[in-house]
Structure formats: C-alpha cells, structure tokens
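S.K.: So that we are looking at the same thing, I have put the structure below in structure tokens.
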Amino acid sequence: MKSIKILGLLILVVSLAVGGITNPVYAQNDPEILVKIAKRAQDQIQKQITDDTSLTLQELFQQGKNKVSSLETSISNNDITSAKEDFLSAMKIFSEVSRQLTTQNSQTQATNKSTVNPSNDLLRLYTYVNNLKNIAKNHNSQIDFTSLDGLFVTAKDQIQNNQYSQASETIHEIKQSIIEINAELREQASQKQLTRAQMFAQKYLKQIDRLIEHSQNTGTSKEIIEKLESARENLSIASNPSEVIKQVRNIMLLQQQFELTENKLLELRVMQIETTLNTLSDSEVDENTVMELKESLQEIRTSISKSDFEEANELLRSITVTLDQIQI
C-alpha cells in the first residue's frame, strides 16, 4: 500500500511538471526546491529497494540517482534549463521504478509459495555477465571473474539436482557479485575519465602559460593578465572531470576576450602606421621602401585575421624600427 501511494505521488509530480504547471520563474528563484523534491522521491524509493529487487530495476534506480546528481551540478552552475531537464528525467525514472516495484510486490504475493526452477534467471545472469566481461576486456579492466564463474557452476549443478532453493541462494550471491563488479567497473571508468581530464587540463595549462607570457611581453592590461593567472590557478587545482571542463571553458572565454582586445590594439597600431606611410609617400623617401612597408602592413592584417598575434607584433616591431630610421 505504501509503494502505491509513492507511485501516485510521483505520477502526480511528473504530470504537473510535464504539463507546465511547475512555475519556471519559481524554479529560477528557488531552484533548490527541485533538488529537495527529487531527493525526497529518491529516499522514499530507496526504502523499497531490497536484495530481492531485480538487477535491472536496481540499475534503473541508479540512473535516477545519477540524474539527481546531475541536477545538483546544474543547480550549482546556475543552469536552470538543464536542471529542469535533469529533474524531469529523475522523476520519470523514479516513477517507473516505483511502478515496477508495485507490480513486482503484487506478483510476489500472488506467486505460489513453492520454489520454482530458477534456470531462466540463471541464464539471463549468465548472458549479462558475458557482456560485463566484454566491457571489462574492451576497457583493459583487470577484474577477476573466477569466483563468479564458480558460482555459476555451483548454481547449474544445484538446478540439475533439483535443489532449487539452494540454487536461488547461489543466484542471489551471483547478483551481489555482479553489483560489486559493476561498481568496480564504474570506479575504473571514473579514474580513466579523470586521467583523460588531467591530460586535457595540462594541454590548456601550457596554452595559458604562453598566453600569460605573451600578455606580459606585449603590455596587455593588468586586469586581463590577472584574469588569466586566476584561470590558470583554478584549472591547476581542478580535481574532477566536470570541474576541469568548467575551468577550460572559462579559459576559452578569456582567450576570446584576449584575442578581441589584442585585435583592436593591433588594428589601431596598423592604422597609425598607415597614416604615417601615406604622409611619407609625398616626401622624398624612396617609394619602394614605402611600398614594402605597406605590403608588410597587409601581412600584419593577415596575421591578425588568423589570430597569429605573435607574428603580427614581430612585423610591427620591424616596421617601427624602419620608420624610426627613415624619420631620423
């Protein structure tokens, strides 16, 4: 009866949200309410999950928990749109889990108390474990399936000897082992993801180091340099993949701002030199020299369009030296 009430509540919450009754303005003003509702649903269903709950249903419930975690991340990033999507996804999953739990409980109560042959359950688990082995092999995971293989042999022998009750207990051990292996696979995948994120971060750390050095050498404003240095510090201490990605995005935005600033400064300098060259064209200065300088200005504009500011600055320094010599 309790699970039926929970199912009804979840269906009501999801239908209200999908139907648009959930006020988006209220969610933006107090987005934490979404987390509270989702966690309350998660806690209520968690109480209904037991060791006898099917592996498929436990995995579905885990997907719902992952959506709640994603919801919290979206809220912390002030991403209301993603938060709403995560919330709806979590509630739909919890609603489905609750529905299946209700059905499962009803079927259990209606099932004859005599123990049935668990061969089909064992075959399904055997197929599932083979898939896990393939996943582990593809990811070079050093997971030992020897003990689990032994449990399958034991369960098969028990079924052949009509020891269905003992076989069911062995199958329960198999399910527990599968849960542990799944957790280990997720942990290894998470560690590999973190390693890739750290390598990704190192790439951007090198880029921002060069950007800071270039900014200091070209007289970029102190404010921009401080932002770059702060971004570098935040990226260097990022400890998880999501944080690394967030900080890299911040650096990419700073790079865009820096390029825009550098672009304007270089364009202004090119215009100033162009004005000076136009004045020199009417004087006694060698026309070939003036033409060469103007061609250099075009090369600078090309470098600017490609965001090759280092090359553009080098050309500008060369032109400036030439102009200083001409005007002596």
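Identifiers for the structure tokens are assigned positionally: chains receive A, B, ... in sequence, residues are indexed from 1 per chain, and ligands are indexed from 1 in the order shown.
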Excluding Tyr126 of chain A and residues on its chain fewer than 3 positions from it, collect all residues at most 10 Å away from it, counting only C-alpha atoms, and give them as a count of residues only.
M.R.: 12
S.K.: Kindly indicate which residue among A:Thr320, A:Asn140, A:Gln48, A:Ser239 lies nearest to Leu277 of chain A, using only C-alpha atoms for the distances.
M.R.: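 Nearest candidate to Leu277 of chain A out of A:Thr320, A:Asn140, A:Gln48, A:Ser239: A:Thr320.
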S.K.: Could you check how far atom CA of Ser95 of chain A sits from atom CA of Ile179 of chain A, in Å to one decimal?
M.R.: 22.5 Å
S.K.: Any idea what the distance is between atom CA of Arg249 of chain A and atom CA of Ser221 of chain A?
M.R.: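 Interatomic distance here is 21.5 Å.
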